[in-house]
Structure formats: C-alpha cells, structure tokens
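Structure file query.pdb (PDB, C-alpha atoms, pLDDT in the B column) is printed below.
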MODEL        1
ATOM      1  CA  MET A   1      22.771 -10.571 -30.453  1.00 83.00           C
ATOM      2  CA  ASP A   2      26.495 -11.304 -30.850  1.00 91.00           C
ATOM      3  CA  ASP A   3      28.433 -10.186 -27.748  1.00 93.00           C
ATOM      4  CA  GLY A   4      31.834 -11.495 -28.905  1.00 89.00           C
ATOM      5  CA  HIS A   5      33.272  -7.987 -29.132  1.00 94.00           C
ATOM      6  CA  LEU A   6      32.608  -7.504 -25.394  1.00 96.00           C
ATOM      7  CA  ILE A   7      33.736 -10.829 -23.877  1.00 96.00           C
ATOM      8  CA  GLU A   8      36.862 -11.108 -21.716  1.00 97.00           C
ATOM      9  CA  LYS A   9      38.647 -14.481 -21.473  1.00 97.00           C
ATOM     10  CA  GLN A  10      40.412 -15.789 -18.375  1.00 98.00           C
ATOM     11  CA  LEU A  11      44.157 -16.410 -18.796  1.00 98.00           C
ATOM     12  CA  SER A  12      45.069 -17.235 -15.177  1.00 98.00           C
ATOM     13  CA  SER A  13      43.546 -17.112 -11.700  1.00 98.00           C
ATOM     14  CA  GLU A  14      45.068 -16.573  -8.253  1.00 98.00           C
ATOM     15  CA  GLU A  15      43.245 -17.200  -4.972  1.00 97.00           C
ATOM     16  CA  LEU A  16      43.651 -14.214  -2.634  1.00 97.00           C
ATOM     17  CA  LEU A  17      41.485 -15.168   0.344  1.00 96.00           C
ATOM     18  CA  LYS A  18      39.288 -18.023   1.444  1.00 96.00           C
ATOM     19  CA  GLY A  19      37.245 -17.000   4.460  1.00 92.00           C
ATOM     20  CA  HIS A  20      34.021 -18.224   6.046  1.00 86.00           C
ATOM     21  CA  LEU A  21      31.939 -16.133   3.622  1.00 84.00           C
ATOM     22  CA  LEU A  22      34.292 -14.488   1.143  1.00 89.00           C
ATOM     23  CA  HIS A  23      36.403 -16.256  -1.494  1.00 95.00           C
ATOM     24  CA  ALA A  24      38.473 -13.685  -3.362  1.00 97.00           C
ATOM     25  CA  PHE A  25      40.430 -14.054  -6.607  1.00 98.00           C
ATOM     26  CA  ARG A  26      42.691 -12.045  -8.902  1.00 98.00           C
ATOM     27  CA  ASP A  27      42.484 -13.111 -12.556  1.00 98.00           C
ATOM     28  CA  SER A  28      44.422 -12.116 -15.621  1.00 98.00           C
ATOM     29  CA  VAL A  29      42.101 -11.720 -18.610  1.00 98.00           C
ATOM     30  CA  LYS A  30      42.426 -11.166 -22.330  1.00 97.00           C
ATOM     31  CA  LEU A  31      40.377  -8.176 -23.478  1.00 97.00           C
ATOM     32  CA  PRO A  32      38.415  -8.107 -26.748  1.00 96.00           C
ATOM     33  CA  ASP A  33      41.146  -5.976 -28.354  1.00 96.00           C
ATOM     34  CA  GLY A  34      43.868  -8.492 -27.441  1.00 96.00           C
ATOM     35  CA  ASN A  35      45.339  -6.562 -24.514  1.00 98.00           C
ATOM     36  CA  THR A  36      45.380  -7.989 -20.979  1.00 98.00           C
ATOM     37  CA  ALA A  37      43.938  -6.696 -17.712  1.00 98.00           C
ATOM     38  CA  VAL A  38      43.525  -7.747 -14.082  1.00 98.00           C
ATOM     39  CA  ARG A  39      40.131  -8.505 -12.524  1.00 98.00           C
ATOM     40  CA  GLU A  40      39.676  -8.924  -8.761  1.00 98.00           C
ATOM     41  CA  TYR A  41      36.394 -10.386  -7.567  1.00 97.00           C
ATOM     42  CA  VAL A  42      34.623 -12.396  -4.882  1.00 97.00           C
ATOM     43  CA  ARG A  43      32.907 -15.716  -5.470  1.00 95.00           C
ATOM     44  CA  HIS A  44      29.636 -15.972  -3.544  1.00 95.00           C
ATOM     45  CA  PRO A  45      27.278 -18.964  -3.193  1.00 94.00           C
ATOM     46  CA  GLY A  46      24.185 -16.862  -3.877  1.00 96.00           C
ATOM     47  CA  ALA A  47      21.362 -15.746  -1.645  1.00 97.00           C
ATOM     48  CA  VAL A  48      17.623 -15.193  -1.404  1.00 98.00           C
ATOM     49  CA  MET A  49      15.455 -12.284  -0.331  1.00 98.00           C
ATOM     50  CA  VAL A  50      11.857 -12.700   0.834  1.00 98.00           C
ATOM     51  CA  ILE A  51       9.175 -10.009   0.503  1.00 98.00           C
ATOM     52  CA  PRO A  52       6.607 -11.118   3.120  1.00 98.00           C
ATOM     53  CA  LEU A  53       3.103  -9.658   2.729  1.00 98.00           C
ATOM     54  CA  ILE A  54       0.670  -9.448   5.624  1.00 96.00           C
ATOM     55  CA  GLU A  55      -2.713  -7.798   6.158  1.00 88.00           C
ATOM     56  CA  ASP A  56      -3.333  -5.664   9.212  1.00 84.00           C
ATOM     57  CA  ALA A  57      -6.591  -5.552  11.176  1.00 83.00           C
ATOM     58  CA  ASN A  58      -8.015  -3.038   8.670  1.00 87.00           C
ATOM     59  CA  GLY A  59      -7.211  -5.243   5.678  1.00 85.00           C
ATOM     60  CA  GLU A  60      -4.322  -3.017   4.541  1.00 89.00           C
ATOM     61  CA  MET A  61      -1.324  -4.791   3.027  1.00 93.00           C
ATOM     62  CA  ARG A  62       1.895  -4.436   4.988  1.00 97.00           C
ATOM     63  CA  VAL A  63       5.385  -5.842   4.496  1.00 98.00           C
ATOM     64  CA  VAL A  64       7.554  -7.553   7.088  1.00 98.00           C
ATOM     65  CA  LEU A  65      10.937  -5.856   7.457  1.00 98.00           C
ATOM     66  CA  GLU A  66      13.990  -6.124   9.660  1.00 97.00           C
ATOM     67  CA  ARG A  67      16.406  -3.730  11.353  1.00 97.00           C
ATOM     68  CA  GLN A  68      19.922  -5.108  11.593  1.00 96.00           C
ATOM     69  CA  PHE A  69      23.375  -3.671  12.334  1.00 97.00           C
ATOM     70  CA  ARG A  70      25.705  -4.122   9.353  1.00 96.00           C
ATOM     71  CA  TYR A  71      29.296  -4.017  10.551  1.00 95.00           C
ATOM     72  CA  PRO A  72      31.085  -3.007   7.300  1.00 95.00           C
ATOM     73  CA  ILE A  73      29.198   0.312   7.124  1.00 96.00           C
ATOM     74  CA  GLY A  74      28.615   0.689  10.876  1.00 97.00           C
ATOM     75  CA  GLN A  75      24.868   1.319  10.618  1.00 97.00           C
ATOM     76  CA  VAL A  76      21.551  -0.267  11.500  1.00 98.00           C
ATOM     77  CA  MET A  77      19.837  -0.961   8.172  1.00 98.00           C
ATOM     78  CA  ILE A  78      16.200  -1.587   7.203  1.00 98.00           C
ATOM     79  CA  GLU A  79      16.021  -4.694   5.031  1.00 98.00           C
ATOM     80  CA  PHE A  80      13.818  -7.528   3.880  1.00 98.00           C
ATOM     81  CA  PRO A  81      14.588 -11.013   5.269  1.00 97.00           C
ATOM     82  CA  ALA A  82      17.473 -12.517   3.315  1.00 97.00           C
ATOM     83  CA  GLY A  83      20.327 -14.961   3.585  1.00 95.00           C
ATOM     84  CA  LYS A  84      22.873 -16.968   1.668  1.00 95.00           C
ATOM     85  CA  LEU A  85      22.318 -20.399   0.219  1.00 96.00           C
ATOM     86  CA  ASP A  86      23.728 -23.368   2.092  1.00 95.00           C
ATOM     87  CA  PRO A  87      25.721 -25.873  -0.001  1.00 93.00           C
ATOM     88  CA  CYS A  88      23.377 -27.730  -2.441  1.00 95.00           C
ATOM     89  CA  GLU A  89      20.339 -25.811  -1.093  1.00 97.00           C
ATOM     90  CA  LEU A  90      17.623 -24.796  -3.547  1.00 97.00           C
ATOM     91  CA  PRO A  91      16.622 -21.103  -3.516  1.00 97.00           C
ATOM     92  CA  PHE A  92      12.995 -21.876  -2.567  1.00 97.00           C
ATOM     93  CA  ASP A  93      14.126 -24.006   0.387  1.00 97.00           C
ATOM     94  CA  CYS A  94      16.467 -21.211   1.443  1.00 97.00           C
ATOM     95  CA  ALA A  95      13.635 -18.663   1.206  1.00 98.00           C
ATOM     96  CA  LYS A  96      11.396 -20.736   3.499  1.00 97.00           C
ATOM     97  CA  ARG A  97      14.243 -21.311   5.940  1.00 96.00           C
ATOM     98  CA  GLU A  98      15.365 -17.686   6.108  1.00 96.00           C
ATOM     99  CA  LEU A  99      11.816 -16.365   6.558  1.00 97.00           C
ATOM    100  CA  LEU A 100      11.224 -18.701   9.490  1.00 96.00           C
ATOM    101  CA  GLU A 101      14.651 -18.274  11.077  1.00 95.00           C
ATOM    102  CA  GLU A 102      14.741 -14.488  10.943  1.00 95.00           C
ATOM    103  CA  THR A 103      11.079 -13.507  11.410  1.00 96.00           C
ATOM    104  CA  GLY A 104       9.298 -16.559  12.837  1.00 96.00           C
ATOM    105  CA  TYR A 105       6.807 -16.504   9.956  1.00 97.00           C
ATOM    106  CA  SER A 106       5.809 -19.406   7.708  1.00 96.00           C
ATOM    107  CA  ALA A 107       3.959 -18.730   4.453  1.00 97.00           C
ATOM    108  CA  GLN A 108       1.153 -20.643   2.740  1.00 96.00           C
ATOM    109  CA  GLN A 109       1.771 -19.123  -0.691  1.00 97.00           C
ATOM    110  CA  TRP A 110       4.941 -18.249  -2.564  1.00 98.00           C
ATOM    111  CA  ALA A 111       5.808 -16.531  -5.845  1.00 98.00           C
ATOM    112  CA  ARG A 112       9.244 -16.197  -7.405  1.00 97.00           C
ATOM    113  CA  ALA A 113       9.768 -12.666  -8.687  1.00 97.00           C
ATOM    114  CA  GLY A 114      13.180 -12.708 -10.335  1.00 95.00           C
ATOM    115  CA  LEU A 115      16.927 -12.489  -9.937  1.00 97.00           C
ATOM    116  CA  LEU A 116      19.139  -9.648  -8.745  1.00 97.00           C
ATOM    117  CA  HIS A 117      22.913  -9.277  -9.263  1.00 98.00           C
ATOM    118  CA  PRO A 118      23.782  -6.656  -6.635  1.00 96.00           C
ATOM    119  CA  LEU A 119      27.554  -6.324  -7.114  1.00 95.00           C
ATOM    120  CA  ILE A 120      28.341  -7.082 -10.759  1.00 96.00           C
ATOM    121  CA  SER A 121      31.698  -5.254 -10.823  1.00 95.00           C
ATOM    122  CA  TYR A 122      33.354  -7.402  -8.134  1.00 96.00           C
ATOM    123  CA  SER A 123      31.184 -10.349  -7.049  1.00 97.00           C
ATOM    124  CA  THR A 124      29.414 -13.395  -8.487  1.00 96.00           C
ATOM    125  CA  GLU A 125      26.615 -12.936  -5.930  1.00 96.00           C
ATOM    126  CA  PHE A 126      23.027 -13.325  -7.082  1.00 97.00           C
ATOM    127  CA  ILE A 127      19.869 -12.863  -5.006  1.00 98.00           C
ATOM    128  CA  ASP A 128      16.750 -14.856  -5.827  1.00 98.00           C
ATOM    129  CA  ILE A 129      13.668 -12.725  -5.033  1.00 98.00           C
ATOM    130  CA  TRP A 130      10.576 -14.390  -3.529  1.00 98.00           C
ATOM    131  CA  PHE A 131       7.192 -13.058  -2.393  1.00 98.00           C
ATOM    132  CA  ALA A 132       5.398 -14.787   0.498  1.00 98.00           C
ATOM    133  CA  ARG A 133       1.827 -14.413   1.796  1.00 96.00           C
ATOM    134  CA  GLY A 134      -0.619 -16.238   4.026  1.00 95.00           C
ATOM    135  CA  LEU A 135       1.770 -15.773   6.934  1.00 96.00           C
ATOM    136  CA  THR A 136       1.555 -17.627  10.242  1.00 95.00           C
ATOM    137  CA  LEU A 137       3.717 -16.452  13.136  1.00 94.00           C
ATOM    138  CA  GLY A 138       5.801 -18.942  15.099  1.00 92.00           C
ATOM    139  CA  GLU A 139       9.142 -18.894  16.903  1.00 89.00           C
ATOM    140  CA  ARG A 140      12.201 -17.266  15.377  1.00 89.00           C
ATOM    141  CA  GLN A 141      15.328 -19.400  15.056  1.00 84.00           C
ATOM    142  CA  LEU A 142      18.111 -16.832  14.777  1.00 82.00           C
ATOM    143  CA  ASP A 143      21.665 -17.977  14.096  1.00 79.00           C
ATOM    144  CA  ALA A 144      24.210 -17.631  16.887  1.00 82.00           C
ATOM    145  CA  GLY A 145      25.426 -14.029  16.943  1.00 83.00           C
ATOM    146  CA  GLU A 146      22.476 -12.760  14.878  1.00 84.00           C
ATOM    147  CA  PHE A 147      20.529  -9.822  16.328  1.00 93.00           C
ATOM    148  CA  LEU A 148      17.678  -8.093  14.508  1.00 95.00           C
ATOM    149  CA  ASP A 149      14.310  -6.447  15.069  1.00 96.00           C
ATOM    150  CA  VAL A 150      11.251  -7.460  13.027  1.00 97.00           C
ATOM    151  CA  PHE A 151       8.482  -4.953  12.220  1.00 97.00           C
ATOM    152  CA  THR A 152       5.896  -4.172   9.550  1.00 97.00           C
ATOM    153  CA  ALA A 153       5.361  -1.158   7.310  1.00 97.00           C
ATOM    154  CA  THR A 154       3.047  -0.074   4.520  1.00 96.00           C
ATOM    155  CA  LEU A 155       4.302   0.177   0.949  1.00 95.00           C
ATOM    156  CA  THR A 156       3.842   3.953   1.165  1.00 95.00           C
ATOM    157  CA  GLU A 157       6.109   4.094   4.215  1.00 97.00           C
ATOM    158  CA  LEU A 158       8.733   1.903   2.555  1.00 98.00           C
ATOM    159  CA  LEU A 159       8.772   4.005  -0.609  1.00 97.00           C
ATOM    160  CA  GLN A 160       9.095   7.201   1.430  1.00 98.00           C
ATOM    161  CA  TRP A 161      12.040   5.706   3.357  1.00 98.00           C
ATOM    162  CA  CYS A 162      13.709   4.797   0.045  1.00 97.00           C
ATOM    163  CA  ARG A 163      13.165   8.322  -1.218  1.00 97.00           C
ATOM    164  CA  ASP A 164      14.434  10.123   1.890  1.00 97.00           C
ATOM    165  CA  GLY A 165      17.506   7.914   2.367  1.00 97.00           C
ATOM    166  CA  ARG A 166      16.384   5.981   5.412  1.00 97.00           C
ATOM    167  CA  VAL A 167      16.504   2.824   3.261  1.00 98.00           C
ATOM    168  CA  THR A 168      19.697   2.563   1.200  1.00 97.00           C
ATOM    169  CA  ASP A 169      20.136  -1.217   0.989  1.00 97.00           C
ATOM    170  CA  GLY A 170      20.158  -2.109  -2.715  1.00 96.00           C
ATOM    171  CA  LYS A 171      18.168  -5.335  -2.464  1.00 97.00           C
ATOM    172  CA  THR A 172      15.479  -3.666  -0.362  1.00 98.00           C
ATOM    173  CA  MET A 173      15.186  -0.818  -2.865  1.00 97.00           C
ATOM    174  CA  THR A 174      14.850  -3.417  -5.642  1.00 97.00           C
ATOM    175  CA  ALA A 175      12.130  -5.109  -3.589  1.00 97.00           C
ATOM    176  CA  ALA A 176      10.315  -1.775  -3.302  1.00 97.00           C
ATOM    177  CA  LEU A 177      10.352  -1.507  -7.100  1.00 97.00           C
ATOM    178  CA  TRP A 178       8.922  -5.015  -7.397  1.00 97.00           C
ATOM    179  CA  LEU A 179       6.255  -4.255  -4.778  1.00 96.00           C
ATOM    180  CA  GLN A 180       5.180  -1.064  -6.516  1.00 96.00           C
ATOM    181  CA  ASN A 181       4.799  -2.841  -9.859  1.00 97.00           C
ATOM    182  CA  VAL A 182       3.104  -5.922  -8.417  1.00 96.00           C
ATOM    183  CA  GLN A 183       0.601  -3.770  -6.532  1.00 94.00           C
ATOM    184  CA  SER A 184      -0.170  -1.723  -9.665  1.00 95.00           C
ATOM    185  CA  GLY A 185      -0.703  -4.907 -11.686  1.00 96.00           C
ATOM    186  CA  ALA A 186       2.162  -4.126 -14.090  1.00 97.00           C
ATOM    187  CA  TRP A 187       4.249  -7.123 -12.945  1.00 96.00           C
ATOM    188  CA  PRO A 188       1.887 -10.035 -12.126  1.00 96.00           C
ATOM    189  CA  LEU A 189       3.131 -12.938 -10.026  1.00 97.00           C
ATOM    190  CA  SER A 190       2.368 -16.669 -10.288  1.00 96.00           C
ATOM    191  CA  TRP A 191       1.476 -17.755  -6.785  1.00 97.00           C
ATOM    192  CA  HIS A 192       1.893 -21.356  -5.633  1.00 93.00           C
ATOM    193  CA  GLY A 193       0.385 -22.960  -2.552  1.00 84.00           C
ATOM    194  CA  PRO A 194      -0.919 -23.481  -0.069  1.00 65.00           C
ATOM    195  CA  VAL A 195       2.160 -25.379   1.003  1.00 49.00           C
ATOM    196  CA  LYS A 196       1.146 -28.940   1.835  1.00 47.00           C
ATOM    197  CA  VAL A 197       2.569 -30.579   4.920  1.00 40.00           C
ATOM    198  CA  ALA A 198       3.635 -34.200   4.347  1.00 37.00           C
TER
ENDMDL
END

Structure re-expressed in structure tokens:
Amino acid sequence: MDDGHLIEKQLSSEELLKGHLLHAFRDSVKLPDGNTAVREYVRHPGAVMVIPLIEDANGEMRVVLERQFRYPIGQVMIEFPAGKLDPCELPFDCAKRELLEETGYSAQQWARAGLLHPLISYSTEFIDIWFARGLTLGERQLDAGEFLDVFTATLTELLQWCRDGRVTDGKTMTAALWLQNVQSGAWPLSWHGPVKVA
C-alpha cells in the first residue's frame, strides 16, 4: 500500500526540554499538500510490560499486578509490572529485570506477545509486551524512591475492573485484551524456556 499521500516530512527541529526521562521537541513539517505545520512530541527510549501468570492452590490461573501512585494524575493505579529500557538494553533483558525488581518473581518461561504504541500523537514511546510463567518468588529490588504493592487477581476480576473503571491504565487494558485472547486460544503464544542458568 502506498502511503505517500499521508507522510509528513521534517523541515526543522528544536529541542524544548531534556530531562531525566522526557526529551521534548518542536518540529516544523511539510504536509502532504505542501503546507507546513508544527509537531510537538517527546522522544522516549521504549519500555516493556510483563504479564506474569501464576497458579493458585486450586490450580486457577492468576495474574501478578501492582498498585502504584502515579504523580501526574494523582491516583494509585492498578498496573502490570513495567519499566523503561536502559541504554542498549534488549527488551527481553528489561522484562526479566523489571519483573524481578518490582515483584521479586523470576520466570522459567517467556513469550513475546507484541508491541504497543501508547501515545502516538505526542510520543515515540513503544512498549514491548511479554508473558511470563513458571514463577519463583525471591526478593524485590525496588529502585530508590519506588513504592508499590504487589498482589494477584483472576482474569475475571481484572476484566471487571477494566469495565467498571477501576483499571484505566492503557497498557494494562491492552494486557487484559491479550490475556482474554490467549486464554480463549484465539491468540496463541510461542513459549521459550525454561531459562537456563549459566
């Protein structure tokens, strides 16, 4: 499919802010019809989200979730473990690191689900989505200044929370969609593992 009639071309770029996390720009672009426009956006290094699966004592599948205060909206949010990529870090390595740091769990098996672009109108951010199972609990290694609760829920509970507005985080709602389709068999995963220790 030819998308040439939709593509905008950069004419100039101005750095607006370079912070610890955010790197903001204002670009001048040429539109497909020849006119010009301004685009403001944030460059982001990318991130991962992990959907950890665990069985309870009755053999029912549960997911590991977190509760964390998110300052920009002033609320405690229910989310899946997630975090941004370190420089030169591979998404799979980031997924393993974030799962351990935030929840204390290590996984024996992993499956990459897909890619999410959560803020396409003003950010380059992408989120690599990973499933993890065969969990073993160890010690959490939270970053300095990071405070969160870890708990488990059933898929039914998670879907109900998405429906009633208790869960509004976009990546977690995307994860719920993935979970629903994986569990139904509509979206099969290719699992890898167990992870071998060198």

Centre and size of axis-aligned box enclosing segment 92-99 of chain A plus 5 Å each side, as JSON:
{"center_x": 13.9, "center_y": -20.2, "center_z": 2.0, "size_x": 15.1, "size_y": 17.6, "size_z": 19.1}

Selection result of the PyMOL selection byres ((chain A and resi 48-61) around 9) on this file, as a ChimeraX atom specification: /A:46-47,62-65,80-85,91-92,94-96,98-99,105,107,115,126-135,152-155,171-172,175,179

Who sits within 7 Å of segment 35-43 of chain A, only C-alpha atoms, same chain under 2 positions skipped, as a PyMOL selection string: chain A and resi 22-31+33+45+122-125

May I have the residues from that selection written out with C-alpha atoms, as a compact mmCIF listing (two decimals), in the frame of the given file?
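Below is the file selection-v2.txt, written as the result:
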# COMPACT_ATOMS: atom_id res chain seq x y z
CA LEU A 22 34.29 -14.49 1.14
CA HIS A 23 36.40 -16.26 -1.49
CA ALA A 24 38.47 -13.68 -3.36
CA PHE A 25 40.43 -14.05 -6.61
CA ARG A 26 42.69 -12.04 -8.90
CA ASP A 27 42.48 -13.11 -12.56
CA SER A 28 44.42 -12.12 -15.62
CA VAL A 29 42.10 -11.72 -18.61
CA LYS A 30 42.43 -11.17 -22.33
CA LEU A 31 40.38 -8.18 -23.48
CA ASP A 33 41.15 -5.98 -28.35
CA PRO A 45 27.28 -18.96 -3.19
CA TYR A 122 33.35 -7.40 -8.13
CA SER A 123 31.18 -10.35 -7.05
CA THR A 124 29.41 -13.40 -8.49
CA GLU A 125 26.62 -12.94 -5.93

Computed interatomic separation between atom CA of Met173 of chain A and atom CA of Val76 of chain A (Å):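 Pair atom CA of Met173 of chain A / atom CA of Val76 of chain A returns 15.7 Å.
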
Selected residue, from A:Glu14, A:Glu79, A:Asp86, A:Glu101, that lies nearest to Glu139 of chain A when counting only C-alpha atoms: A:Glu101

Distance in Å - atom CA of Gly104 of chain A versus atom CA of Leu137 of chain A: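 Answer for the atom CA of Gly104 of chain A to atom CA of Leu137 of chain A separation: 5.6 Å.
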
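For the atom pair formed by atom CA of Asp149 of chain A and atom CA of Arg70 of chain A, the distance is 13.0 Å, given to one decimal.
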
Selected residue of minimal separation from Gly193 of chain A among A:Gln109, A:Thr168, A:Thr136, A:Thr156, counting all atoms listed in the file: A:Gln109

Closest of A:Gly34, A:Trp161, A:Gly170, A:Leu16 to His117 of chain A - atom-to-atom distances counting all atoms listed in the file: A:Gly170

Result set, the PyMOL selection byres ((chain A and resi 111) around 7) on current file, as a list of chain:residue names: A:Trp110, A:Arg112, A:Ala113, A:Trp130, A:Phe131, A:Ala132, A:Leu189, A:Ser190, A:Trp191, A:His192

Selected residue of minimal separation from Leu177 of chain A among A:His44, A:Lys9, A:His20, A:Arg163, counting all atoms listed in the file: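 The shortest atom-to-atom distance to Leu177 of chain A comes from A:Arg163.
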
Answer key for the PyMOL selection byres ((chain A and resi 68) around 7), residues as number ranges by chain: A: 66-67, 69-70, 76-78, 147-149

Let me see the file: selected residues, C-alpha atoms, as a compact mmCIF listing (two decimals), in the coordinates of the input.
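Generated output (selection-v8.txt):
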# COMPACT_ATOMS: atom_id res chain seq x y z
CA GLU A 66 13.99 -6.12 9.66
CA ARG A 67 16.41 -3.73 11.35
CA PHE A 69 23.38 -3.67 12.33
CA ARG A 70 25.70 -4.12 9.35
CA VAL A 76 21.55 -0.27 11.50
CA MET A 77 19.84 -0.96 8.17
CA ILE A 78 16.20 -1.59 7.20
CA PHE A 147 20.53 -9.82 16.33
CA LEU A 148 17.68 -8.09 14.51
CA ASP A 149 14.31 -6.45 15.07
